[in-house]
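J.: Quick one: this structure, given as structure tokens, is what I'll be asking you about.
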Amino acid sequence: MLSGKVAVVTGGTRGIGRAIVETYLANGATVIFFGSRKETVEEAMRLLKEHFFDVTLEGMYPNLSNEREVEDAMAVIVKRYGKIDILVNNAGISDSHSFYDYEETLFDRVMDLNVKAAYLCSKAVIPYMKEQGSGVILNTSSMVSQYGQPAGVAYPTSKFAINGMTKSLARELGPDQIRVNAVAPGVTNTDMVKALPEQVIDPLIKSIPLRRIGEPQEVANTFLFLASDLASYITGAVIAVDGAAMC
């Protein structure tokens, strides 16, 4: 479905991001994934190469809150591979601190990685996509962007901002044939969720109409569809992949 495409995936070393990388590779894309540190990128590369052969794969670790580092990384990718067809803004962090104890530095940290990084990465790839006459930008939102959450105010705030960015860029970049969409996962079986005790997980599962949490692959499948030509007339959408859950 993505044969001949060049995709950049931020936050691609684990969880949903890694599932997106694997799914894109399995569907013929050249994939460059970003991680937060050299060590995590190298470990992800090792694991990915154990399962994928004859693919074009590269890992990088620019500071996504630094405009110059992001621009330089995208320029290297275009020079090396000739283009960028797909950008997945998946890097992000969550938080569950009480608002009574919230500190400005924590709020800034969440917004920097969840919102500013998506802005900077999008800004860096748009000139290349405009020049080539096409492109796809996909953002990772969350179910809490709609429902909020009982603590950790910066996270749902950041994801609500991502929804606004998605819809606004879709309207602005549409004339240049650049599609912009978001995927809003619900409770997903990542390392963070696996670490939760049963007394926390069980009530969550009971609140989901499908009576189970989602798998990273199910979220990645939506990113695959939206990146492919099957979604050629979809832009400005925020697609929920949450089993109809409500926080």
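Scheme for the structure tokens: letters A, B, ... for chains in order shown; per-chain residue numbers from 1; ligand numbers from 1 in order shown.
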Do you know which residues are at most 8 Å from range 5-10 of chain A counting only C-alpha atoms, after dropping those on the same chain fewer than 3 positions away, and could you put them as a VMD selection string?
T.: chain A and resid 2 17 20 to 21 24 28 to 35 81 83 to 91
J.: Any chance you could list, as a VMD selection string, the residues in range 22-171 of chain A that come up alpha helix (DSSP H) when DSSP is run on the backbone?
T.: chain A and resid 22 to 26 38 to 51 67 to 81 104 to 111 117 to 132 144 to 147 154 to 171
J.: Mind dumping the selected residues with C-alpha atoms as a PDB file, in the first residue's frame?
T.:
```
ATOM      1  CA  GLU A  22       6.665  -1.954  11.262  1.00  0.00           C
ATOM      2  CA  THR A  23       3.392  -1.603   9.363  1.00  0.00           C
ATOM      3  CA  TYR A  24       4.845   0.925   6.940  1.00  0.00           C
ATOM      4  CA  LEU A  25       7.886  -1.274   6.312  1.00  0.00           C
ATOM      5  CA  ALA A  26       5.648  -4.290   5.713  1.00  0.00           C
ATOM      6  CA  LYS A  38      20.798   7.443  20.486  1.00  0.00           C
ATOM      7  CA  GLU A  39      20.544   4.359  22.716  1.00  0.00           C
ATOM      8  CA  THR A  40      16.812   3.846  22.175  1.00  0.00           C
ATOM      9  CA  VAL A  41      17.137   4.395  18.426  1.00  0.00           C
ATOM     10  CA  GLU A  42      19.947   1.862  18.136  1.00  0.00           C
ATOM     11  CA  GLU A  43      18.023  -0.715  20.166  1.00  0.00           C
ATOM     12  CA  ALA A  44      14.918  -0.218  18.029  1.00  0.00           C
ATOM     13  CA  MET A  45      17.001  -0.591  14.874  1.00  0.00           C
ATOM     14  CA  ARG A  46      18.428  -3.854  16.174  1.00  0.00           C
ATOM     15  CA  LEU A  47      15.002  -5.290  16.943  1.00  0.00           C
ATOM     16  CA  LEU A  48      13.466  -4.124  13.681  1.00  0.00           C
ATOM     17  CA  LYS A  49      16.264  -5.623  11.587  1.00  0.00           C
ATOM     18  CA  GLU A  50      15.661  -8.988  13.258  1.00  0.00           C
ATOM     19  CA  HIS A  51      12.224  -9.073  11.625  1.00  0.00           C
ATOM     20  CA  GLU A  67      13.808  24.115  14.919  1.00  0.00           C
ATOM     21  CA  ARG A  68      17.330  23.970  13.494  1.00  0.00           C
ATOM     22  CA  GLU A  69      17.831  20.310  14.418  1.00  0.00           C
ATOM     23  CA  VAL A  70      14.467  19.349  12.918  1.00  0.00           C
ATOM     24  CA  GLU A  71      15.130  21.275   9.702  1.00  0.00           C
ATOM     25  CA  ASP A  72      18.598  19.738   9.373  1.00  0.00           C
ATOM     26  CA  ALA A  73      17.239  16.216   9.878  1.00  0.00           C
ATOM     27  CA  MET A  74      14.552  16.669   7.221  1.00  0.00           C
ATOM     28  CA  ALA A  75      17.093  18.146   4.810  1.00  0.00           C
ATOM     29  CA  VAL A  76      19.360  15.119   5.290  1.00  0.00           C
ATOM     30  CA  ILE A  77      16.445  12.782   4.600  1.00  0.00           C
ATOM     31  CA  VAL A  78      15.454  14.577   1.402  1.00  0.00           C
ATOM     32  CA  LYS A  79      19.061  14.655   0.206  1.00  0.00           C
ATOM     33  CA  ARG A  80      19.463  10.935   0.930  1.00  0.00           C
ATOM     34  CA  TYR A  81      16.097   9.634  -0.294  1.00  0.00           C
ATOM     35  CA  GLU A 104       5.096  25.403  34.797  1.00  0.00           C
ATOM     36  CA  THR A 105       8.141  23.375  33.745  1.00  0.00           C
ATOM     37  CA  LEU A 106       6.032  20.215  33.444  1.00  0.00           C
ATOM     38  CA  PHE A 107       3.347  21.990  31.424  1.00  0.00           C
ATOM     39  CA  ASP A 108       6.018  23.392  29.093  1.00  0.00           C
ATOM     40  CA  ARG A 109       7.652  19.972  28.684  1.00  0.00           C
ATOM     41  CA  VAL A 110       4.412  18.310  27.635  1.00  0.00           C
ATOM     42  CA  MET A 111       3.474  21.105  25.243  1.00  0.00           C
ATOM     43  CA  ALA A 117       7.407  19.236  17.902  1.00  0.00           C
ATOM     44  CA  ALA A 118       4.457  18.505  15.609  1.00  0.00           C
ATOM     45  CA  TYR A 119       4.463  22.145  14.492  1.00  0.00           C
ATOM     46  CA  LEU A 120       8.211  22.179  13.818  1.00  0.00           C
ATOM     47  CA  CYS A 121       8.247  18.840  11.970  1.00  0.00           C
ATOM     48  CA  SER A 122       5.265  19.852   9.841  1.00  0.00           C
ATOM     49  CA  LYS A 123       6.812  23.240   9.085  1.00  0.00           C
ATOM     50  CA  ALA A 124      10.047  21.552   8.028  1.00  0.00           C
ATOM     51  CA  VAL A 125       8.470  19.053   5.582  1.00  0.00           C
ATOM     52  CA  ILE A 126       5.809  21.272   4.013  1.00  0.00           C
ATOM     53  CA  PRO A 127       8.164  23.033   1.544  1.00  0.00           C
ATOM     54  CA  TYR A 128       9.321  19.669   0.175  1.00  0.00           C
ATOM     55  CA  MET A 129       5.778  18.337  -0.094  1.00  0.00           C
ATOM     56  CA  LYS A 130       4.598  21.507  -1.816  1.00  0.00           C
ATOM     57  CA  GLU A 131       7.425  21.298  -4.332  1.00  0.00           C
ATOM     58  CA  GLN A 132       6.696  17.653  -5.161  1.00  0.00           C
ATOM     59  CA  VAL A 144      -8.816  12.520  26.007  1.00  0.00           C
ATOM     60  CA  SER A 145      -8.714  15.416  23.539  1.00  0.00           C
ATOM     61  CA  GLN A 146     -12.498  15.076  23.503  1.00  0.00           C
ATOM     62  CA  TYR A 147     -13.292  13.868  27.013  1.00  0.00           C
ATOM     63  CA  ALA A 154      -1.334  19.374  29.964  1.00  0.00           C
ATOM     64  CA  TYR A 155      -1.837  16.098  28.074  1.00  0.00           C
ATOM     65  CA  PRO A 156      -5.476  16.563  26.985  1.00  0.00           C
ATOM     66  CA  THR A 157      -4.745  20.241  26.415  1.00  0.00           C
ATOM     67  CA  SER A 158      -1.919  19.303  24.045  1.00  0.00           C
ATOM     68  CA  LYS A 159      -4.047  16.778  22.172  1.00  0.00           C
ATOM     69  CA  PHE A 160      -6.903  19.259  21.783  1.00  0.00           C
ATOM     70  CA  ALA A 161      -4.312  21.584  20.250  1.00  0.00           C
ATOM     71  CA  ILE A 162      -3.241  18.792  17.882  1.00  0.00           C
ATOM     72  CA  ASN A 163      -6.845  18.455  16.681  1.00  0.00           C
ATOM     73  CA  GLY A 164      -6.968  22.173  15.949  1.00  0.00           C
ATOM     74  CA  MET A 165      -3.630  22.064  14.162  1.00  0.00           C
ATOM     75  CA  THR A 166      -4.801  19.111  12.077  1.00  0.00           C
ATOM     76  CA  LYS A 167      -8.011  20.753  10.917  1.00  0.00           C
ATOM     77  CA  SER A 168      -6.396  24.133  10.275  1.00  0.00           C
ATOM     78  CA  LEU A 169      -3.457  22.740   8.283  1.00  0.00           C
ATOM     79  CA  ALA A 170      -5.828  20.565   6.257  1.00  0.00           C
ATOM     80  CA  ARG A 171      -7.701  23.673   5.142  1.00  0.00           C
TER      81      ARG A 171
END
```
J.: I'd like to know which of A:Leu204, A:Thr56, A:Gly92, A:Pro185 is closest to Ile239 in chain A, using only C-alpha atoms.
T.: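 Smallest separation from Ile239 in chain A among the options: A:Pro185.
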J.: Separation of CA of Ala220 in chain A and CA of Ser65 in chain A, in Å?
T.: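 Straight-line distance from CA of Ala220 in chain A to CA of Ser65 in chain A works out to 24.5 Å.
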J.: Which neighbours of Leu138 in chain A fall inside 6 Å, counting only C-alpha atoms, when residues of the same chain fewer than 5 positions from it are skipped, and could you give them as a PDB file with C-alpha atoms, in the first residue's frame?
T.:
```pdb
ATOM      1  CA  VAL A  88       3.750  10.947  11.227  1.00  0.00           C
ATOM      2  CA  VAL A 180      -3.526  16.333   7.072  1.00  0.00           C
ATOM      3  CA  ASN A 181      -5.360  13.975   9.436  1.00  0.00           C
ATOM      4  CA  ALA A 182      -5.133  12.753  13.022  1.00  0.00           C
TER       5      ALA A 182
END
```
J.: Return as a ChimeraX atom specification the full set of residues in range 2-134 of chain A whose backbone-based DSSP assignment is strand (DSSP E or B).
T.: /A:6-10,30-34,57-60,86-89
J.: Residues of the last selection are to be written out with all heavy atoms, as a compact mmCIF listing (two decimals), in the first residue's frame.
T.:
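That gives us out.txt:
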```txt
# COMPACT_ATOMS: atom_id res chain seq x y z
N VAL A 6 8.32 7.45 0.97
CA VAL A 6 9.30 7.73 2.02
C VAL A 6 8.54 8.32 3.20
O VAL A 6 7.88 9.36 3.06
CB VAL A 6 10.39 8.70 1.53
CG1 VAL A 6 11.34 9.04 2.68
CG2 VAL A 6 11.15 8.11 0.36
N ALA A 7 8.63 7.66 4.36
CA ALA A 7 7.88 8.08 5.53
C ALA A 7 8.81 8.42 6.69
O ALA A 7 9.79 7.70 6.94
CB ALA A 7 6.91 6.98 5.96
N VAL A 8 8.49 9.49 7.40
CA VAL A 8 9.19 9.88 8.62
C VAL A 8 8.21 9.68 9.78
O VAL A 8 7.09 10.20 9.75
CB VAL A 8 9.66 11.34 8.58
CG1 VAL A 8 10.30 11.74 9.90
CG2 VAL A 8 10.64 11.55 7.42
N VAL A 9 8.63 8.93 10.79
CA VAL A 9 7.78 8.65 11.94
C VAL A 9 8.50 9.11 13.20
O VAL A 9 9.56 8.57 13.55
CB VAL A 9 7.44 7.15 12.05
CG1 VAL A 9 6.55 6.89 13.26
CG2 VAL A 9 6.79 6.64 10.77
N THR A 10 7.96 10.11 13.89
CA THR A 10 8.56 10.53 15.15
C THR A 10 8.02 9.66 16.28
O THR A 10 6.91 9.14 16.22
CB THR A 10 8.27 12.02 15.45
OG1 THR A 10 6.91 12.18 15.85
CG2 THR A 10 8.55 12.89 14.23
N THR A 30 9.90 3.19 2.53
CA THR A 30 11.18 3.53 3.16
C THR A 30 10.85 4.32 4.42
O THR A 30 10.07 5.27 4.36
CB THR A 30 12.04 4.39 2.21
OG1 THR A 30 12.44 3.60 1.10
CG2 THR A 30 13.27 4.94 2.93
N VAL A 31 11.40 3.91 5.57
CA VAL A 31 11.02 4.53 6.83
C VAL A 31 12.23 5.10 7.56
O VAL A 31 13.23 4.41 7.74
CB VAL A 31 10.29 3.54 7.76
CG1 VAL A 31 9.91 4.21 9.07
CG2 VAL A 31 9.05 2.98 7.07
N ILE A 32 12.11 6.35 7.96
CA ILE A 32 13.08 6.98 8.84
C ILE A 32 12.33 7.31 10.13
O ILE A 32 11.36 8.07 10.10
CB ILE A 32 13.67 8.27 8.23
CG1 ILE A 32 14.33 7.96 6.88
CG2 ILE A 32 14.68 8.89 9.18
CD1 ILE A 32 13.39 8.08 5.69
N PHE A 33 12.74 6.72 11.24
CA PHE A 33 12.05 6.98 12.49
C PHE A 33 12.94 7.80 13.42
O PHE A 33 14.16 7.68 13.40
CB PHE A 33 11.59 5.67 13.15
CG PHE A 33 12.71 4.81 13.68
CD1 PHE A 33 13.15 4.93 14.99
CD2 PHE A 33 13.31 3.86 12.86
CE1 PHE A 33 14.17 4.12 15.48
CE2 PHE A 33 14.33 3.05 13.33
CZ PHE A 33 14.76 3.18 14.65
N PHE A 34 12.29 8.63 14.22
CA PHE A 34 12.99 9.47 15.19
C PHE A 34 12.74 8.92 16.60
O PHE A 34 11.63 8.48 16.92
CB PHE A 34 12.47 10.91 15.15
CG PHE A 34 12.83 11.68 13.91
CD1 PHE A 34 12.29 12.94 13.70
CD2 PHE A 34 13.67 11.16 12.95
CE1 PHE A 34 12.59 13.67 12.56
CE2 PHE A 34 13.99 11.88 11.81
CZ PHE A 34 13.45 13.14 11.61
N LEU A 57 15.62 1.35 6.02
CA LEU A 57 15.24 1.80 7.35
C LEU A 57 16.37 2.60 7.96
O LEU A 57 17.54 2.22 7.86
CB LEU A 57 14.93 0.58 8.23
CG LEU A 57 14.67 0.81 9.71
CD1 LEU A 57 13.37 1.57 9.93
CD2 LEU A 57 14.63 -0.53 10.44
N GLU A 58 16.02 3.70 8.60
CA GLU A 58 17.03 4.53 9.26
C GLU A 58 16.45 5.13 10.53
O GLU A 58 15.25 5.44 10.58
CB GLU A 58 17.52 5.64 8.33
CG GLU A 58 18.64 6.49 8.91
CD GLU A 58 19.20 7.50 7.93
OE1 GLU A 58 18.84 7.45 6.73
OE2 GLU A 58 20.01 8.35 8.36
N GLY A 59 17.29 5.28 11.55
CA GLY A 59 16.88 5.91 12.79
C GLY A 59 17.68 7.18 13.05
O GLY A 59 18.88 7.23 12.78
N MET A 60 17.02 8.20 13.57
CA MET A 60 17.66 9.47 13.89
C MET A 60 17.14 9.95 15.25
O MET A 60 16.11 9.48 15.73
CB MET A 60 17.39 10.51 12.81
CG MET A 60 17.83 10.09 11.42
SD MET A 60 17.38 11.27 10.11
CE MET A 60 18.55 12.59 10.43
N ILE A 86 5.41 11.11 3.55
CA ILE A 86 4.55 10.94 4.72
C ILE A 86 5.30 11.40 5.97
O ILE A 86 6.45 11.01 6.17
CB ILE A 86 4.14 9.47 4.90
CG1 ILE A 86 3.44 8.93 3.65
CG2 ILE A 86 3.26 9.28 6.14
CD1 ILE A 86 3.50 7.42 3.52
N LEU A 87 4.65 12.21 6.77
CA LEU A 87 5.17 12.56 8.10
C LEU A 87 4.15 12.12 9.13
O LEU A 87 2.97 12.50 9.05
CB LEU A 87 5.39 14.07 8.21
CG LEU A 87 5.65 14.59 9.64
CD1 LEU A 87 6.97 14.06 10.20
CD2 LEU A 87 5.61 16.11 9.69
N VAL A 88 4.59 11.33 10.10
CA VAL A 88 3.75 10.95 11.23
C VAL A 88 4.29 11.62 12.49
O VAL A 88 5.38 11.28 12.96
CB VAL A 88 3.71 9.42 11.42
CG1 VAL A 88 2.85 9.06 12.64
CG2 VAL A 88 3.18 8.73 10.17
N ASN A 89 3.54 12.57 13.01
CA ASN A 89 3.90 13.25 14.25
C ASN A 89 3.34 12.45 15.42
O ASN A 89 2.22 12.69 15.89
CB ASN A 89 3.33 14.67 14.25
CG ASN A 89 4.05 15.60 13.31
OD1 ASN A 89 5.28 15.67 13.31
ND2 ASN A 89 3.31 16.31 12.48
```
J.: Between CA of Val200 in chain A and CA of Gly214 in chain A, measure the distance and give it in Å to one decimal.
T.: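 Interatomic distance here is 15.7 Å.
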J.: May I ask which of the residues A:Arg18, A:Lys194, A:Arg179, A:Arg211 is the closest one to Ile137 in chain A, counting only C-alpha atoms?
T.: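 The answer is A:Arg179, which sits nearest to Ile137 in chain A.
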J.: Do you have the CA of Gly135 in chain A-CA of Ser232 in chain A distance handy?
T.: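 Between these atoms lies a distance of 10.5 Å.
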